[in-house]
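Student: my_file-v6.txt is reproduced below (compact mmCIF, C-alpha atoms).
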```
# COMPACT_ATOMS: atom_id res chain seq x y z
CA MET A 1 -23.44 216.61 209.86
CA ASN A 2 -23.64 216.02 213.59
CA ALA A 3 -21.93 212.86 214.84
CA PHE A 4 -24.26 212.67 217.81
CA PRO A 5 -27.84 213.16 216.63
CA ASP A 6 -30.60 212.53 219.11
CA THR A 7 -28.44 210.72 221.63
CA ASP A 8 -28.95 211.30 225.31
CA GLU A 9 -26.66 213.47 227.36
CA ALA A 10 -24.81 210.56 229.00
CA ALA A 11 -24.12 209.02 225.59
CA ARG A 12 -22.79 212.35 224.30
CA ARG A 13 -20.42 212.60 227.22
CA ARG A 14 -19.20 209.04 226.76
CA THR A 15 -18.68 209.51 223.04
CA PHE A 16 -16.85 212.79 223.56
CA ARG A 17 -14.56 211.11 226.03
CA GLU A 18 -13.88 208.24 223.63
CA PHE A 19 -12.89 210.74 220.95
CA VAL A 20 -10.72 212.86 223.20
CA GLU A 21 -8.87 210.53 225.54
CA PRO A 22 -6.59 208.96 222.89
CA GLU A 23 -5.60 212.45 221.74
CA ILE A 24 -4.52 213.91 225.08
CA GLU A 25 -0.84 213.18 224.60
CA VAL A 26 -0.63 214.57 221.10
CA MET A 27 -2.58 217.65 222.18
CA LEU A 28 -0.12 218.27 225.00
CA ARG A 29 2.82 217.68 222.70
CA VAL A 30 1.58 220.18 220.13
CA ALA A 31 0.48 222.64 222.82
CA ASN A 32 4.01 222.63 224.22
CA GLY A 33 5.12 224.04 220.89
CA LEU A 34 2.44 226.70 220.80
CA VAL A 35 3.05 228.22 224.23
CA SER A 36 6.04 228.99 226.33
CA ASN A 37 5.81 226.47 229.19
CA SER A 38 4.16 223.22 230.18
CA ALA A 39 1.70 224.86 232.58
CA ASP A 40 0.41 227.09 229.80
CA ALA A 41 0.26 224.04 227.54
CA GLU A 42 -1.98 222.24 230.01
CA ASP A 43 -4.19 225.31 230.32
CA LEU A 44 -4.45 225.52 226.56
CA VAL A 45 -5.42 221.86 226.24
CA GLN A 46 -8.02 222.13 228.99
CA GLU A 47 -9.56 225.29 227.53
CA SER A 48 -9.60 223.61 224.12
CA LEU A 49 -11.43 220.61 225.57
CA VAL A 50 -14.09 222.87 227.04
CA ARG A 51 -14.55 224.57 223.67
CA ALA A 52 -14.59 221.24 221.87
CA TYR A 53 -17.25 219.95 224.21
CA LYS A 54 -19.37 223.04 223.70
CA GLY A 55 -18.95 222.70 219.93
CA LEU A 56 -19.57 218.98 219.81
CA HIS A 57 -22.82 219.41 217.87
CA ARG A 58 -20.76 220.79 214.97
CA PHE A 59 -18.40 217.82 214.83
CA ASP A 60 -19.12 215.26 212.13
CA GLY A 61 -17.30 212.41 213.87
CA ARG A 62 -14.48 212.17 211.35
CA HIS A 63 -10.85 212.97 212.06
CA PRO A 64 -11.14 213.79 215.77
CA ARG A 65 -7.45 214.62 216.09
CA ALA A 66 -7.59 217.21 213.33
CA TRP A 67 -10.80 218.60 214.82
CA LEU A 68 -9.26 218.94 218.27
CA LEU A 69 -6.00 220.42 216.98
CA THR A 70 -7.92 222.99 214.93
CA ILE A 71 -9.86 224.00 218.04
CA MET A 72 -6.62 224.21 219.98
CA ARG A 73 -5.01 226.43 217.37
CA ASN A 74 -8.02 228.74 217.37
CA THR A 75 -8.19 228.70 221.15
CA ASN A 76 -4.56 229.72 221.34
CA VAL A 77 -5.20 232.62 218.98
CA ASN A 78 -8.31 233.65 220.90
CA LEU A 79 -6.50 233.59 224.20
CA HIS A 80 -4.04 236.11 222.74
CA ARG A 81 -1.15 234.02 223.73
CA ARG A 82 2.17 234.84 222.23
CA GLN A 83 2.13 233.24 218.81
CA ARG A 84 5.20 231.35 217.81
CA PRO A 85 5.98 229.39 214.71
CA ILE A 86 5.28 225.80 215.66
CA MET A 87 8.03 224.20 217.70
CA ILE A 88 11.74 224.60 218.03
CA GLU A 89 11.74 228.30 217.24
CA ASP A 90 13.81 228.63 220.39
CA ASP A 91 15.39 225.21 220.07
CA GLU A 92 13.29 224.02 223.01
CA LEU A 93 12.09 220.87 221.39
CA LEU A 94 15.50 220.05 220.04
CA ARG A 95 17.15 220.47 223.39
CA ALA A 96 14.41 218.52 225.12
CA SER A 97 14.68 215.71 222.62
CA ARG A 98 18.35 215.06 222.98
CA PRO A 99 19.37 212.27 225.33
CA ALA A 100 19.69 213.16 228.97
CA PHE A 101 22.99 212.55 230.68
CA GLY A 102 22.86 209.22 232.45
CA SER A 103 20.08 207.86 230.29
CA SER A 104 19.72 204.19 231.15
CA ARG A 105 18.18 203.07 227.87
CA LEU A 106 20.22 200.50 226.01
CA PRO A 107 20.10 201.53 222.37
CA SER A 108 20.47 199.34 219.34
CA ALA A 109 23.53 199.78 217.14
CA GLU A 110 21.53 201.86 214.70
CA ASP A 111 20.02 203.93 217.50
CA SER A 112 23.53 204.50 218.84
CA PHE A 113 24.58 205.92 215.52
CA LEU A 114 21.49 208.12 215.39
CA ASP A 115 21.98 209.22 219.00
CA GLU A 116 25.67 209.80 219.10
CA GLU A 117 26.75 210.73 215.63
CA LEU A 118 23.82 211.92 213.59
CA ASP A 119 22.00 213.76 216.35
CA ALA A 120 24.18 216.86 216.60
CA GLU A 121 24.41 217.23 212.84
CA LEU A 122 20.69 216.72 212.47
CA HIS A 123 20.00 219.27 215.14
CA GLU A 124 22.04 221.83 213.26
CA ALA A 125 20.42 221.00 209.95
CA VAL A 126 16.90 221.33 211.35
CA THR A 127 17.74 224.52 213.21
CA ALA A 128 19.02 226.03 209.97
CA LEU A 129 15.66 225.54 208.26
CA ASP A 130 13.30 228.42 207.70
CA PRO A 131 10.70 228.25 210.54
CA LYS A 132 7.82 227.59 208.17
CA PHE A 133 9.58 224.49 206.86
CA ARG A 134 10.79 223.47 210.30
CA GLY A 135 7.31 223.64 211.77
CA VAL A 136 5.84 221.22 209.27
CA LEU A 137 8.77 218.86 209.59
CA VAL A 138 8.53 218.74 213.39
CA LEU A 139 4.77 218.19 213.40
CA VAL A 140 4.88 215.37 210.86
CA ASP A 141 8.23 213.69 211.48
CA VAL A 142 8.70 214.23 215.21
CA HIS A 143 5.11 214.36 216.43
CA ASP A 144 3.85 211.92 213.83
CA LEU A 145 0.89 213.99 212.71
CA SER A 146 -0.70 213.22 209.36
CA TYR A 147 -0.57 215.78 206.56
CA ALA A 148 -4.19 216.75 207.30
CA GLU A 149 -3.53 217.10 211.03
CA ALA A 150 -0.48 219.29 210.45
CA ALA A 151 -2.53 221.35 208.01
CA ALA A 152 -5.17 221.82 210.70
CA VAL A 153 -2.62 222.95 213.28
CA LEU A 154 -0.91 225.38 210.93
CA ASP A 155 -4.08 226.50 209.14
CA ILE A 156 -2.62 225.85 205.72
CA PRO A 157 -3.74 223.56 202.89
CA VAL A 158 -2.60 219.93 202.83
CA GLY A 159 -0.78 220.62 199.58
CA THR A 160 1.27 223.31 201.29
CA VAL A 161 2.12 220.90 204.10
CA MET A 162 3.33 218.40 201.53
CA SER A 163 5.47 220.85 199.59
CA ARG A 164 7.02 222.38 202.73
CA LEU A 165 7.68 218.95 204.19
CA SER A 166 9.30 217.72 201.02
CA ARG A 167 11.55 220.75 200.80
CA ALA A 168 12.43 220.60 204.48
CA ARG A 169 13.42 216.95 204.32
CA ASP A 170 15.41 217.43 201.13
CA ARG A 171 17.28 220.37 202.63
CA VAL A 172 18.13 218.40 205.76
CA ARG A 173 19.14 215.36 203.70
CA ARG A 174 21.35 217.39 201.39
CA ARG A 175 22.94 219.27 204.25
CA LEU A 176 23.86 216.06 206.03
CA GLY A 177 24.98 214.39 202.82
CA PRO A 178 24.90 210.76 201.69
CA THR A 179 28.14 209.79 203.34
CA TYR A 180 26.86 210.83 206.71
CA LEU A 181 23.37 209.40 206.33
CA ASN A 182 24.55 206.07 204.99
CA ARG A 183 27.10 205.52 207.73
CA GLY A 184 24.53 204.33 210.24
CA ARG A 185 22.72 201.95 207.98
CA THR A 186 22.56 198.40 209.23
CA SER A 187 21.29 196.84 206.03
CA MET B 1 14.19 208.02 173.56
CA SER B 2 17.61 206.93 174.72
CA GLY B 3 17.92 204.62 177.70
CA THR B 4 19.85 207.22 179.64
CA LEU B 5 17.22 209.90 179.12
CA ARG B 6 14.46 207.46 180.03
CA GLN B 7 16.36 206.54 183.19
CA MET B 8 16.76 210.22 184.12
CA LEU B 9 13.08 210.88 183.64
CA THR B 10 12.18 207.87 185.75
CA CYS B 11 14.57 208.99 188.48
CA HIS B 12 12.95 212.43 188.43
CA TRP B 13 9.49 210.86 188.53
CA SER B 14 10.55 208.62 191.41
CA ALA B 15 12.19 211.40 193.41
CA ARG B 16 8.87 213.22 193.47
CA ARG B 17 7.15 210.19 195.00
CA ILE B 18 9.63 208.63 197.40
CA GLN B 19 8.49 210.65 200.42
CA ARG B 20 4.82 209.94 199.76
CA TYR B 21 5.72 206.28 199.36
CA LEU B 22 7.39 206.22 202.79
CA ASP B 23 4.70 208.33 204.47
CA SER B 24 1.69 206.38 203.17
CA ASP B 25 -0.41 209.32 204.30
CA PRO B 26 -4.14 208.91 203.66
CA ALA B 27 -4.34 212.44 202.24
CA ALA B 28 -1.92 211.67 199.41
CA PRO B 29 -1.69 207.95 198.69
CA LEU B 30 0.18 206.70 195.67
CA ALA B 31 -1.96 204.77 193.21
CA PRO B 32 -1.20 201.04 193.05
CA GLY B 33 0.28 201.54 189.61
CA GLU B 34 2.57 204.26 190.93
CA VAL B 35 3.74 202.02 193.78
CA ALA B 36 4.49 199.21 191.36
CA ARG B 37 6.38 201.53 189.01
CA LEU B 38 8.34 203.09 191.85
CA GLU B 39 9.27 199.76 193.41
CA GLY B 40 10.28 198.46 190.01
CA HIS B 41 12.55 201.45 189.52
CA LEU B 42 14.02 201.16 193.02
CA ALA B 43 14.88 197.54 192.32
CA THR B 44 17.21 198.62 189.54
CA CYS B 45 18.34 202.18 190.37
CA GLU B 46 21.13 202.45 192.91
CA LYS B 47 20.91 206.24 193.11
CA CYS B 48 17.21 206.33 193.96
CA THR B 49 17.64 203.44 196.40
CA GLU B 50 20.26 205.53 198.20
CA VAL B 51 17.84 208.46 198.39
CA LEU B 52 15.19 206.16 199.83
CA ALA B 53 17.66 204.85 202.41
CA GLU B 54 18.66 208.38 203.41
CA HIS B 55 15.04 209.33 203.96
CA ARG B 56 14.59 206.19 206.06
CA THR B 57 17.60 207.12 208.19
CA LEU B 58 16.15 210.57 208.76
CA ARG B 59 12.78 209.11 209.72
CA GLY B 60 14.52 206.90 212.27
CA ALA B 61 16.39 209.85 213.72
CA PHE B 62 13.25 211.96 214.05
CA ALA B 63 11.36 209.07 215.60
CA LEU B 64 14.10 208.90 218.25
CA TRP B 65 13.62 212.56 219.04
CA SER B 66 9.98 211.88 219.65
CA ARG B 67 10.64 208.85 221.87
CA ARG B 68 13.21 210.76 223.90
CA SER B 69 10.86 213.61 224.72
CA PRO B 70 7.73 211.92 226.08
CA VAL B 71 4.93 214.05 227.38
CA ASP B 72 5.06 214.43 231.16
CA PRO B 73 2.81 211.65 232.50
CA ASP B 74 1.64 213.91 235.32
CA SER B 75 0.41 216.38 232.72
CA VAL B 76 -1.47 213.62 230.95
CA ASP B 77 -3.04 212.53 234.25
CA ARG B 78 -4.12 216.06 235.09
CA VAL B 79 -5.75 216.56 231.69
CA ARG B 80 -7.41 213.14 231.95
CA HIS B 81 -8.78 214.12 235.35
CA PHE B 82 -10.02 217.38 233.84
CA LEU B 83 -11.73 215.37 231.11
CA ASP B 84 -13.32 213.18 233.79
CA ASN B 85 -14.79 216.25 235.44
CA LEU B 86 -15.92 217.71 232.14
CA THR B 87 -17.71 214.57 231.06
CA GLU B 88 -18.95 213.17 234.34
CA THR B 89 -20.42 216.22 235.99
CA GLU B 90 -23.10 218.56 234.83
CA GLY B 91 -21.31 220.74 232.36
CA PRO B 92 -22.33 222.88 229.44
CA ARG B 93 -24.50 220.85 227.12
CA PRO B 94 -22.88 220.54 223.71
```
Please, can you express the file's structure as structure tokens?
Tutor:
Amino acid sequence: MNAFPDTDEAARRRTFREFVEPEIEVMLRVANGLVSNSADAEDLVQESLVRAYKGLHRFDGRHPRAWLLTIMRNTNVNLHRRQRPIMIEDDELLRASRPAFGSSRLPSAEDSFLDEELDAELHEAVTALDPKFRGVLVLVDVHDLSYAEAAAVLDIPVGTVMSRLSRARDRVRRRLGPTYLNRGRTS
Amino acid sequence: MSGTLRQMLTCHWSARRIQRYLDSDPAAPLAPGEVARLEGHLATCEKCTEVLAEHRTLRGAFALWSRRSPVDPDSVDRVRHFLDNLTETEGPRP
């Protein structure tokens, strides 16, 4: 089903923009995990937008984020870019996510625990995961994608996302241990 | 069935649903009856409540990672500008 039947060209452009604009940040975030630097990530997003626009007549209007991420995954493959398991294969995301020296943010007590005590242990636990588990965990828990969106990015069934995610989280949780995880609780 | 065995089975049943309960993902929602049963179990089972709390701590930690690594706003602006050009000028008709 086409989400834009018999609408004029200006309306198609407006509707496309309304679908895409809210997804720019998440597209860039995921693209940064697919390619090796931020310039390539921007190129990948822009090329994906062109392809999405050309393929708009095939879009049914549902789940625009999953639609766009699927196009981006396929675009990345088609551009013959170096394929990497999603995110943190080279610890890039993990390093980038850790607090910068001199950060001026004033954290809550719980955030302080998460920042200062849990962070290094968590980093190690996530790094120790098999990449296929790590990829799902990063997409869902760090980038806040839904199961279906992560499935679209990784080209795997939703059920596989769920089972990998569950195993990844349980492995991280067990590695850190209850004593460690419960130390930062405020309630 | 002994109370202990029943408790073990309920813990096992609950452990398989705690993550879906926290995620509330539209692709795999728990049925209302499952939510009620799980919450009822969590109200009485210290061990499963601890597991739930540990998952919540992890979620908080991962959320911090995300907040600490925002996308470069200049990148967002450039892509938005690209989208402007794509949708405001004569481009390939979809």
Student: Just checking: using only C-alpha atoms, which residue out of B:Leu38, B:Cys11, B:Cys45, B:Ala27 ends up closest to chain A?
Tutor: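 For chain A, the nearest of the candidates is B:Ala27.
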Student: Once you count only C-alpha atoms, which residues end up no further than 9 Å from (16.9, 217.4, 205.0) in the file's frame, shown as a VMD selection string?
Tutor: (chain A and resid 122 125 to 126 129 166 to 177) or (chain B and resid 55 58)
Student: So, with all atoms listed in the file as the atoms that count, which of A:Asp119, A:Glu9, A:Glu124, A:Asp155 lies closest to A:Tyr53?
Tutor: A:Glu9
Student: Would you kindly report the residues of chain B within 9 Å of chain A, using all atoms listed in the file, as a VMD selection string?
Tutor: chain B and resid 16 19 to 20 23 25 to 28 50 to 51 53 to 55 57 to 73 75 to 76 78 to 80 82 to 84 86 to 88 92 to 94
Student: Any idea what the distance is between atom CA of A:Leu34 and atom CA of A:Leu139?
Tutor: 11.5 Å
Student: For the atom pair atom CA of A:Arg134 and atom CA of A:Arg73, what is the interatomic distance in Å to one decimal place?
Tutor: 17.6 Å
Student: Which value, in Å to one decimal, gives the distance between atom CA of B:Leu30 and atom CA of B:Thr49?
Tutor: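 The value is 17.8 Å.
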